[in-house]
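What follows is the content of coords_4.cif, which has mmCIF, C-alpha atoms and all ligand atoms:
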```cif
data_coords
loop_
_atom_site.label_atom_id
_atom_site.label_comp_id
_atom_site.auth_asym_id
_atom_site.auth_seq_id
_atom_site.Cartn_x
_atom_site.Cartn_y
_atom_site.Cartn_z
CA MET A 1 181.99 74.66 48.89
CA TYR A 2 181.07 76.03 52.29
CA ARG A 3 179.20 79.33 52.39
CA SER A 4 180.99 80.29 55.58
CA VAL A 5 183.09 78.88 58.39
CA ILE A 6 179.86 77.80 60.08
CA ASP A 7 179.29 75.06 57.52
CA ALA A 8 182.67 73.60 58.53
CA ILE A 9 181.36 72.85 62.05
CA GLY A 10 180.64 69.17 62.71
CA ASN A 11 180.92 66.06 60.54
CA THR A 12 184.27 65.38 62.17
CA PRO A 13 185.88 61.97 61.50
CA LEU A 14 186.20 59.06 63.92
CA ILE A 15 189.88 58.16 64.29
CA ARG A 16 190.90 54.68 65.48
CA LEU A 17 193.22 54.87 68.47
CA ARG A 18 195.73 52.15 67.71
CA ARG A 19 197.31 51.26 71.03
CA ALA A 20 194.13 51.65 73.08
CA SER A 21 192.35 49.36 70.59
CA GLU A 22 195.13 46.76 70.48
CA GLU A 23 195.49 46.62 74.26
CA THR A 24 191.79 46.10 74.90
CA GLY A 25 190.77 44.04 71.86
CA CYS A 26 188.06 46.62 71.20
CA GLU A 27 187.76 49.26 68.52
CA ILE A 28 188.37 52.50 70.38
CA LEU A 29 187.46 55.46 68.21
CA GLY A 30 187.99 59.15 68.92
CA LYS A 31 185.71 61.76 67.41
CA ALA A 32 188.12 64.41 66.15
CA GLU A 33 186.42 67.53 67.45
CA PHE A 34 189.71 69.46 67.26
CA MET A 35 189.02 69.57 63.51
CA ASN A 36 186.18 72.05 63.97
CA PRO A 37 187.04 75.63 62.83
CA GLY A 38 187.45 76.83 66.43
CA GLN A 39 189.46 73.67 67.09
CA SER A 40 187.23 72.20 69.79
CA VAL A 41 184.02 70.34 70.56
CA LYS A 42 182.49 73.62 71.76
CA ASP A 43 181.88 75.04 68.27
CA ARG A 44 178.73 72.91 68.13
CA ALA A 45 177.32 74.30 71.37
CA ALA A 46 178.26 77.84 70.30
CA LEU A 47 176.39 77.49 67.00
CA PHE A 48 173.25 76.00 68.59
CA ILE A 49 173.18 78.62 71.37
CA ILE A 50 173.47 81.49 68.87
CA ARG A 51 170.87 80.04 66.48
CA ASP A 52 168.50 79.50 69.42
CA ALA A 53 168.90 83.14 70.52
CA GLU A 54 168.28 84.31 66.96
CA LYS A 55 165.10 82.23 66.74
CA LYS A 56 163.90 83.80 69.98
CA GLY A 57 164.59 87.28 68.53
CA LEU A 58 167.19 88.09 71.18
CA LEU A 59 170.04 88.97 68.82
CA ARG A 60 170.18 91.60 66.11
CA PRO A 61 173.10 92.39 63.76
CA GLY A 62 175.98 93.83 65.79
CA GLY A 63 174.54 92.33 69.01
CA LEU A 64 176.68 91.17 71.90
CA ILE A 65 177.22 87.62 73.11
CA VAL A 66 178.49 87.45 76.68
CA GLU A 67 179.86 84.26 78.21
CA GLY A 68 181.91 82.83 81.04
CA THR A 69 184.16 80.09 79.70
CA ALA A 70 187.33 78.08 80.26
CA GLY A 71 188.16 79.24 76.73
CA ASN A 72 186.87 76.85 74.11
CA THR A 73 183.24 77.98 74.22
CA GLY A 74 184.46 81.57 73.97
CA ILE A 75 186.52 80.66 70.91
CA GLY A 76 183.52 78.87 69.33
CA LEU A 77 181.17 81.78 70.07
CA THR A 78 183.68 84.26 68.66
CA VAL A 79 184.26 82.26 65.46
CA VAL A 80 180.52 81.82 64.85
CA GLY A 81 179.82 85.36 66.05
CA LYS A 82 182.29 86.88 63.56
CA ALA A 83 180.76 84.86 60.72
CA LEU A 84 177.27 86.08 61.61
CA GLY A 85 178.07 89.68 62.61
CA TYR A 86 177.99 89.53 66.42
CA ARG A 87 180.56 90.65 68.98
CA THR A 88 181.68 88.60 71.97
CA VAL A 89 182.56 89.55 75.54
CA ILE A 90 184.33 86.64 77.20
CA VAL A 91 184.98 86.23 80.93
CA ILE A 92 187.72 83.69 81.65
CA PRO A 93 189.34 82.47 84.91
CA ASP A 94 192.99 83.59 84.95
CA THR A 95 194.16 80.00 85.52
CA GLN A 96 193.34 78.95 81.96
CA SER A 97 196.12 78.48 79.41
CA GLN A 98 197.80 81.50 77.83
CA GLU A 99 197.29 79.91 74.42
CA LYS A 100 193.49 79.99 74.80
CA LYS A 101 193.55 83.60 76.01
CA ASP A 102 195.79 84.58 73.06
CA ALA A 103 193.48 82.78 70.63
CA LEU A 104 190.47 84.67 72.01
CA ARG A 105 192.19 88.04 71.61
CA LEU A 106 193.40 87.09 68.13
CA LEU A 107 189.88 86.18 67.05
CA GLY A 108 188.60 89.53 68.28
CA ALA A 109 186.84 88.73 71.55
CA GLU A 110 186.70 91.34 74.32
CA LEU A 111 188.52 89.33 76.99
CA ILE A 112 188.01 89.86 80.70
CA GLU A 113 190.23 87.83 83.02
CA VAL A 114 188.98 87.20 86.57
CA PRO A 115 190.51 85.34 89.53
CA ALA A 116 189.51 81.67 89.62
CA VAL A 117 187.11 81.19 92.57
CA PRO A 118 184.53 78.44 93.28
CA TYR A 119 181.03 78.56 91.77
CA LYS A 120 179.42 79.47 95.10
CA ASN A 121 181.45 82.69 95.22
CA PRO A 122 179.58 85.62 93.57
CA ASN A 123 182.81 86.56 91.77
CA ASN A 124 183.00 83.21 89.99
CA TYR A 125 183.52 83.74 86.22
CA VAL A 126 180.13 82.27 85.31
CA LYS A 127 178.31 84.63 87.69
CA VAL A 128 180.36 87.66 86.61
CA SER A 129 179.44 86.93 82.98
CA GLY A 130 175.73 86.63 83.86
CA ARG A 131 175.71 90.01 85.63
CA LEU A 132 177.68 91.63 82.83
CA ALA A 133 175.21 90.34 80.22
CA GLU A 134 172.33 91.79 82.21
CA GLN A 135 174.02 95.20 82.38
CA LEU A 136 175.00 95.23 78.71
CA ALA A 137 171.49 94.20 77.62
CA LYS A 138 170.24 97.50 79.10
CA THR A 139 172.72 99.64 77.19
CA SER A 140 173.42 97.81 73.93
CA GLU A 141 171.18 98.96 71.08
CA SER A 142 171.59 95.72 69.15
CA GLY A 143 170.85 93.51 72.14
CA ALA A 144 173.06 91.39 74.37
CA ILE A 145 172.61 87.78 75.40
CA TRP A 146 174.19 85.58 78.03
CA ALA A 147 175.12 82.33 76.27
CA ASN A 148 174.96 80.53 79.65
CA GLN A 149 176.37 77.27 78.29
CA PHE A 150 176.01 75.39 81.58
CA ASP A 151 172.26 75.82 81.90
CA ASN A 152 171.25 76.58 78.33
CA ILE A 153 170.05 73.28 76.89
CA ALA A 154 170.56 74.44 73.30
CA ASN A 155 174.08 73.20 74.07
CA ARG A 156 172.91 69.64 74.77
CA LYS A 157 170.50 69.76 71.82
CA GLY A 158 173.42 70.47 69.48
CA HIS A 159 174.93 67.12 70.45
CA VAL A 160 171.64 65.20 70.27
CA GLU A 161 171.01 66.51 66.76
CA THR A 162 174.54 66.44 65.32
CA THR A 163 177.30 64.61 67.25
CA ALA A 164 175.21 61.59 68.27
CA GLN A 165 173.76 61.22 64.76
CA GLU A 166 177.23 61.35 63.20
CA ILE A 167 178.56 58.69 65.61
CA TRP A 168 175.63 56.39 64.81
CA ARG A 169 176.03 56.96 61.06
CA ASP A 170 179.81 56.58 60.97
CA THR A 171 179.81 53.34 63.00
CA ASP A 172 176.91 51.93 60.93
CA GLY A 173 174.99 51.68 64.18
CA LYS A 174 177.60 49.34 65.65
CA VAL A 175 178.61 51.55 68.57
CA ASP A 176 178.47 49.61 71.88
CA GLY A 177 179.65 52.28 74.28
CA PHE A 178 180.25 56.00 74.57
CA VAL A 179 182.25 57.75 77.27
CA CYS A 180 183.47 61.28 77.99
CA ALA A 181 184.11 63.87 80.69
CA VAL A 182 181.82 66.73 81.69
CA GLY A 183 182.30 70.47 81.67
CA THR A 184 178.76 71.68 81.06
CA GLY A 185 177.51 68.14 80.36
CA GLY A 186 176.21 69.11 76.92
CA THR A 187 178.48 66.66 75.12
CA LEU A 188 177.95 63.65 77.39
CA ALA A 189 174.22 64.05 78.08
CA GLY A 190 173.46 65.08 74.48
CA ILE A 191 175.32 62.20 72.87
CA ALA A 192 173.87 59.78 75.44
CA GLU A 193 170.34 60.98 74.64
CA GLY A 194 170.90 60.77 70.89
CA LEU A 195 172.48 57.30 70.97
CA LYS A 196 170.01 55.81 73.49
CA ALA A 197 167.17 56.95 71.23
CA LYS A 198 168.76 54.85 68.46
CA SER A 199 169.45 51.85 70.68
CA ASN A 200 168.93 51.42 74.39
CA ALA A 201 171.71 48.81 74.38
CA VAL A 202 174.44 51.44 73.94
CA LYS A 203 176.30 51.80 77.25
CA ILE A 204 177.13 55.28 78.48
CA ALA A 205 179.94 56.11 80.90
CA LEU A 206 181.18 59.24 82.63
CA ALA A 207 184.94 59.83 82.86
CA ASP A 208 185.47 62.30 85.70
CA PRO A 209 188.78 63.99 86.54
CA LEU A 210 189.90 64.31 90.17
CA GLY A 211 188.46 67.43 91.77
CA ALA A 212 185.07 66.96 90.09
CA ALA A 213 181.98 65.95 92.06
CA LEU A 214 179.96 63.98 89.52
CA HIS A 215 181.57 60.56 89.97
CA SER A 216 180.52 60.48 93.62
CA PHE A 217 177.07 61.76 92.64
CA TYR A 218 176.44 58.99 90.11
CA THR A 219 177.90 56.24 92.31
CA GLU A 220 176.87 57.31 95.85
CA GLY A 221 174.23 59.98 95.29
CA VAL A 222 176.25 62.82 96.86
CA LEU A 223 178.19 65.64 95.23
CA LYS A 224 181.64 65.60 96.76
CA SER A 225 185.09 66.22 95.36
CA GLU A 226 188.65 65.45 96.27
CA GLY A 227 192.02 66.04 94.63
CA SER A 228 192.74 68.08 91.52
CA SER A 229 193.59 67.85 87.83
CA ILE A 230 195.64 69.93 85.40
CA THR A 231 193.05 69.31 82.67
CA GLU A 232 190.96 72.31 81.56
CA GLY A 233 187.32 72.66 80.54
CA ILE A 234 186.10 69.68 82.56
CA GLY A 235 185.36 68.86 86.18
CA GLN A 236 181.88 69.85 87.28
CA GLY A 237 180.67 70.36 90.87
CA ARG A 238 176.91 70.56 90.31
CA ILE A 239 174.05 69.13 88.24
CA THR A 240 173.76 71.66 85.43
CA ALA A 241 170.55 71.98 83.40
CA ASN A 242 172.35 70.12 80.61
CA LEU A 243 172.81 67.14 82.97
CA GLU A 244 169.22 67.01 84.19
CA GLY A 245 167.64 63.59 83.60
CA PHE A 246 171.00 62.09 82.62
CA ASP A 247 172.10 58.87 84.31
CA PRO A 248 175.21 56.99 83.10
CA ASP A 249 175.49 53.18 83.08
CA PHE A 250 179.06 53.43 84.40
CA SER A 251 181.19 56.09 86.04
CA TYR A 252 184.98 56.26 86.34
CA GLN A 253 187.24 58.60 88.23
CA ILE A 254 190.46 59.15 86.26
CA PRO A 255 193.62 60.58 87.84
CA ASP A 256 195.94 62.71 85.67
CA GLU A 257 198.63 60.06 86.18
CA GLU A 258 196.46 57.69 84.11
CA ALA A 259 195.37 60.23 81.47
CA LEU A 260 198.62 62.06 80.68
CA PRO A 261 200.71 59.05 79.54
CA ILE A 262 197.97 58.36 76.96
CA ILE A 263 198.28 61.92 75.61
CA PHE A 264 202.08 61.65 75.57
CA HIS A 265 201.96 58.32 73.72
CA LEU A 266 199.48 59.59 71.11
CA VAL A 267 201.52 62.67 70.20
CA GLN A 268 204.80 60.73 69.93
CA GLU A 269 203.58 57.47 68.38
CA GLU A 270 200.25 58.03 66.64
CA GLY A 271 200.49 61.60 65.31
CA LEU A 272 197.63 62.83 67.45
CA CYS A 273 198.28 65.97 69.49
CA LEU A 274 195.50 66.38 72.06
CA GLY A 275 194.54 68.41 75.11
CA GLY A 276 194.26 66.96 78.61
CA SER A 277 190.51 66.36 78.65
CA SER A 278 190.95 64.00 75.68
CA GLY A 279 193.33 62.00 77.88
CA ILE A 280 190.66 61.64 80.57
CA ASN A 281 188.20 60.59 77.85
CA ILE A 282 190.47 57.97 76.31
CA ALA A 283 191.39 56.57 79.74
CA GLY A 284 187.63 56.28 80.33
CA ALA A 285 187.19 54.52 76.97
CA ILE A 286 189.88 51.99 77.92
CA ARG A 287 188.13 51.33 81.25
CA LEU A 288 184.77 50.90 79.50
CA ALA A 289 186.40 48.55 76.96
CA ARG A 290 187.73 46.41 79.83
CA GLU A 291 184.27 46.50 81.46
CA LEU A 292 182.48 45.32 78.28
CA GLY A 293 185.22 42.93 77.12
CA PRO A 294 186.94 42.44 73.73
CA GLY A 295 185.10 42.83 70.42
CA HIS A 296 183.18 46.00 71.25
CA THR A 297 183.21 49.42 69.59
CA ILE A 298 183.72 52.28 72.01
CA VAL A 299 183.57 55.94 70.99
CA THR A 300 184.94 58.94 72.85
CA VAL A 301 185.66 62.60 72.09
CA LEU A 302 188.99 64.19 71.15
CA CYS A 303 187.92 67.57 72.52
CA ASP A 304 190.67 69.92 71.41
CA TYR A 305 194.19 70.17 69.98
CA GLY A 306 197.26 69.88 72.20
CA THR A 307 199.01 73.05 71.04
CA ARG A 308 196.37 74.88 73.06
CA TYR A 309 198.26 73.63 76.16
CA GLN A 310 201.89 73.67 75.04
CA SER A 311 202.89 75.91 77.94
CA LYS A 312 201.39 73.48 80.47
CA LEU A 313 200.73 69.88 79.47
CA PHE A 314 203.84 69.65 77.28
CA ASN A 315 206.10 71.80 79.46
CA PRO A 316 208.51 69.86 81.76
CA LYS A 317 208.77 72.76 84.20
CA PHE A 318 205.01 72.98 84.59
CA LEU A 319 204.63 69.21 85.01
CA ARG A 320 207.38 69.07 87.65
CA GLY A 321 205.72 71.91 89.54
CA LYS A 322 202.59 69.74 89.74
CA ASN A 323 204.58 66.65 90.78
CA LEU A 324 203.65 64.90 87.55
CA PRO A 325 206.09 62.63 85.69
CA VAL A 326 207.95 64.16 82.72
CA PRO A 327 208.48 61.78 79.78
CA ASP A 328 212.10 61.54 78.56
CA TRP A 329 211.33 62.66 74.99
CA MET A 330 210.13 66.04 76.23
CA GLU A 331 213.68 67.02 77.18
CA ARG A 332 215.60 65.05 74.56
CA THR A 333 218.17 66.90 72.45
CA PRO A 334 218.56 65.83 68.79
CA ASP A 335 220.92 62.88 68.44
CA ILE A 336 221.62 63.51 64.75
CA ALA A 337 224.78 65.62 64.32
CA VAL A 338 225.13 67.96 61.33
N1 LIG A 401 187.15 69.37 77.00
C1 LIG A 401 187.47 70.65 76.82
C2 LIG A 401 188.88 71.00 76.47
C3 LIG A 401 186.49 71.66 76.97
O1 LIG A 401 186.82 72.94 76.81
C4 LIG A 401 185.17 71.28 77.33
C5 LIG A 401 184.11 72.33 77.49
N2 LIG A 401 184.16 73.07 78.66
C6 LIG A 401 184.89 69.92 77.54
C7 LIG A 401 185.90 69.00 77.34
C8 LIG A 401 183.56 69.43 78.04
O2 LIG A 401 182.47 69.60 77.19
P1 LIG A 401 181.02 69.90 77.75
O3 LIG A 401 180.98 71.34 78.17
O4 LIG A 401 180.12 69.62 76.60
O5 LIG A 401 180.75 69.00 78.91
#
```
Would you give me this structure, written as structure tokens?
Ligand code: PMP
Amino acid sequence: MYRSVIDAIGNTPLIRLRRASEETGCEILGKAEFMNPGQSVKDRAALFIIRDAEKKGLLRPGGLIVEGTAGNTGIGLTVVGKALGYRTVIVIPDTQSQEKKDALRLLGAELIEVPAVPYKNPNNYVKVSGRLAEQLAKTSESGAIWANQFDNIANRKGHVETTAQEIWRDTDGKVDGFVCAVGTGGTLAGIAEGLKAKSNAVKIALADPLGAALHSFYTEGVLKSEGSSITEGIGQGRITANLEGFDPDFSYQIPDEEALPIIFHLVQEEGLCLGGSSGINIAGAIRLARELGPGHTIVTVLCDYGTRYQSKLFNPKFLRGKNLPVPDWMERTPDIAV
């Protein structure tokens, strides 16, 4: 029995991805982070950030947690916050999916939508949330913290201490490679740190979507970005505190045209309904498998569940508007007459 929803965070299973494994001759395993109570990988960061603030004496019962987020961290903070008696104020760019915004409102977050502008703009959602936290800390009697997931390394620590350990345990130490995309970098840098501490032979790769600047940084030493992606929650333009000291063995830039067919195949043929960032991750795992050759075990992260993006990723009209191919099954009418 779990004492609360918090105990249900983590210990997610590794699921073998059939076609990716068969095509590469490797075992490609996805860590099913959509099975966390907030339905994403960000529950772990949320829990570690809140516990860290409690240890530092920054939060008291009824206290406020303020954060700028593409959605999943806000959902994680709100789920954990409700279980522990804290309230959340979430600042989200208006470009994020309606489903995530609805989930945040449903869970009881105070939701503030702001126009999506680049990080260097003072009205960027991360900066707005930082200023708001500062203001609220002055007026809230129970205290207010800024979760600051990008530069708060409690996020990375959560993955060193939990996700990496689970991957090592559940593969009996036979993991040869790990790959994933970066939003804050907590997942990739944390799992890399945890696995490298177990064995320096484990290869680590970054899977970067178009429009992010990290691939060019890790291959050419300069932060520059080109193109765009419909994926959400990933695609970083700077070296966050969570990424400091991190250096991948390999780096791949993955276009949506490579990632989306993987997502479409998995939902139709393997019973796995995933969000877009998982597609970037699995495409990265396939590239790493080809790099290392057959017979290796490669792990990646299945970050969140696909229903969170039904109005976008699985919507023919949306896909066409972005000049992305629409699979036939998405518009098929039932061929069984009654
Ligand atoms: N995928 C999704 C859907 C996310 O919301 C996030 C978090 N922003 C990530 C991947 C990336 O995780 P991290 O912040 O640990 O880099």
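Of the listed residues (A:Ile167, A:Val79, A:Ala32, A:Cys180), A:Cys180 comes nearest to ligand LIG 401 (chain A); the distances count all atoms listed in the file.
Residues of protein, DNA or RNA having at least one counted atom within 9 Å of (193.8, 77.7, 84.9), given only C-alpha atoms, are Ala70, Pro93, Asp94, Thr95, Gln96, Ser97, Gln98, Ala116, Ile230, Thr231 and Glu232 of chain A.
Taking only C-alpha atoms, the non-local environment of Ala213 of chain A within 7 Å (same-chain residues fewer than 3 positions away omitted) comprises Ser216, Phe217, Leu223, Lys224, Ser225, Gln236 and Gly237 of chain A.
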Written file, previous selection with C-alpha atoms, as a PDB file, in the frame of the given file:
```
ATOM      1  CA  SER A 216     180.520  60.480  93.620  1.00  0.00           C
ATOM      2  CA  PHE A 217     177.070  61.760  92.640  1.00  0.00           C
ATOM      3  CA  LEU A 223     178.190  65.640  95.230  1.00  0.00           C
ATOM      4  CA  LYS A 224     181.640  65.600  96.760  1.00  0.00           C
ATOM      5  CA  SER A 225     185.090  66.220  95.360  1.00  0.00           C
ATOM      6  CA  GLN A 236     181.880  69.850  87.280  1.00  0.00           C
ATOM      7  CA  GLY A 237     180.670  70.360  90.870  1.00  0.00           C
TER       8      GLY A 237
END
```
**Item:** Neighbour list for Asp208 of chain A as a ChimeraX atom specification, cut-off 6 Å, all atoms listed in the file, skip fewer than 2 positions in-chain
**Value:** /A:181,253-254
**Asked** Residues at most 8 Å from ligand LIG 401 (chain A), using all atoms listed in the file? Could they come as JSON, numbers by chain?
**Response** {"A": [40, 41, 42, 45, 69, 70, 71, 72, 73, 149, 150, 155, 156, 181, 182, 183, 184, 185, 186, 187, 188, 231, 232, 233, 234, 275, 276, 277, 278, 303, 304]}
**Prompt:** Given the choices A:Ile153, A:Arg332, A:Glu270, A:Ile280, which gets closest to Arg18 of chain A if the distance is worked out from all atoms listed in the file?
**Reply:**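 Among A:Ile153, A:Arg332, A:Glu270, A:Ile280, it is A:Glu270 that comes nearest to Arg18 of chain A.
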Working from the structure I just supplied, which lacks atoms in segment 238-254 of chain A, can you model N, CA and C atoms there and output them as a JSON list (two decimals), in the coordinates of the input?
```
[["chain", "number", "residue", "atom", "x", "y", "z"],
["A", 238, "ARG", "N", 178.36, 70.51, 90.09],
["A", 238, "ARG", "CA", 176.91, 70.56, 90.31],
["A", 238, "ARG", "C", 176.18, 69.92, 89.13],
["A", 239, "ILE", "N", 174.87, 69.68, 89.33],
["A", 239, "ILE", "CA", 174.05, 69.13, 88.24],
["A", 239, "ILE", "C", 173.53, 70.32, 87.43],
["A", 240, "THR", "N", 174.17, 70.55, 86.29],
["A", 240, "THR", "CA", 173.76, 71.66, 85.43],
["A", 240, "THR", "C", 172.43, 71.28, 84.74],
["A", 241, "ALA", "N", 171.80, 72.27, 84.13],
["A", 241, "ALA", "CA", 170.55, 71.98, 83.40],
["A", 241, "ALA", "C", 170.82, 70.98, 82.28],
["A", 242, "ASN", "N", 172.01, 71.06, 81.68],
["A", 242, "ASN", "CA", 172.35, 70.12, 80.61],
["A", 242, "ASN", "C", 172.46, 68.68, 81.11],
["A", 243, "LEU", "N", 172.68, 68.50, 82.41],
["A", 243, "LEU", "CA", 172.81, 67.14, 82.97],
["A", 243, "LEU", "C", 171.50, 66.61, 83.53],
["A", 244, "GLU", "N", 170.47, 67.46, 83.58],
["A", 244, "GLU", "CA", 169.22, 67.01, 84.19],
["A", 244, "GLU", "C", 168.63, 65.81, 83.45],
["A", 245, "GLY", "N", 168.24, 64.79, 84.20],
["A", 245, "GLY", "CA", 167.64, 63.59, 83.60],
["A", 245, "GLY", "C", 168.67, 62.61, 83.07],
["A", 246, "PHE", "N", 169.93, 62.97, 83.13],
["A", 246, "PHE", "CA", 171.00, 62.09, 82.62],
["A", 246, "PHE", "C", 171.43, 61.13, 83.72],
["A", 247, "ASP", "N", 171.66, 59.87, 83.33],
["A", 247, "ASP", "CA", 172.10, 58.87, 84.31],
["A", 247, "ASP", "C", 173.00, 57.85, 83.59],
["A", 248, "PRO", "N", 174.31, 57.89, 83.84],
["A", 248, "PRO", "CA", 175.21, 56.99, 83.10],
["A", 248, "PRO", "C", 175.11, 55.54, 83.57],
["A", 249, "ASP", "N", 175.45, 54.60, 82.69],
["A", 249, "ASP", "CA", 175.49, 53.18, 83.08],
["A", 249, "ASP", "C", 176.72, 52.90, 83.94],
["A", 250, "PHE", "N", 177.81, 53.60, 83.65],
["A", 250, "PHE", "CA", 179.06, 53.43, 84.40],
["A", 250, "PHE", "C", 179.69, 54.79, 84.68],
["A", 251, "SER", "N", 180.47, 54.85, 85.74],
["A", 251, "SER", "CA", 181.19, 56.09, 86.04],
["A", 251, "SER", "C", 182.60, 55.76, 86.50],
["A", 252, "TYR", "N", 183.57, 56.50, 85.98],
["A", 252, "TYR", "CA", 184.98, 56.26, 86.34],
["A", 252, "TYR", "C", 185.62, 57.56, 86.80],
["A", 253, "GLN", "N", 186.47, 57.45, 87.81],
["A", 253, "GLN", "CA", 187.24, 58.60, 88.23],
["A", 253, "GLN", "C", 188.67, 58.40, 87.74],
["A", 254, "ILE", "N", 189.17, 59.34, 86.95],
["A", 254, "ILE", "CA", 190.46, 59.15, 86.26],
["A", 254, "ILE", "C", 191.50, 60.14, 86.79]]
```
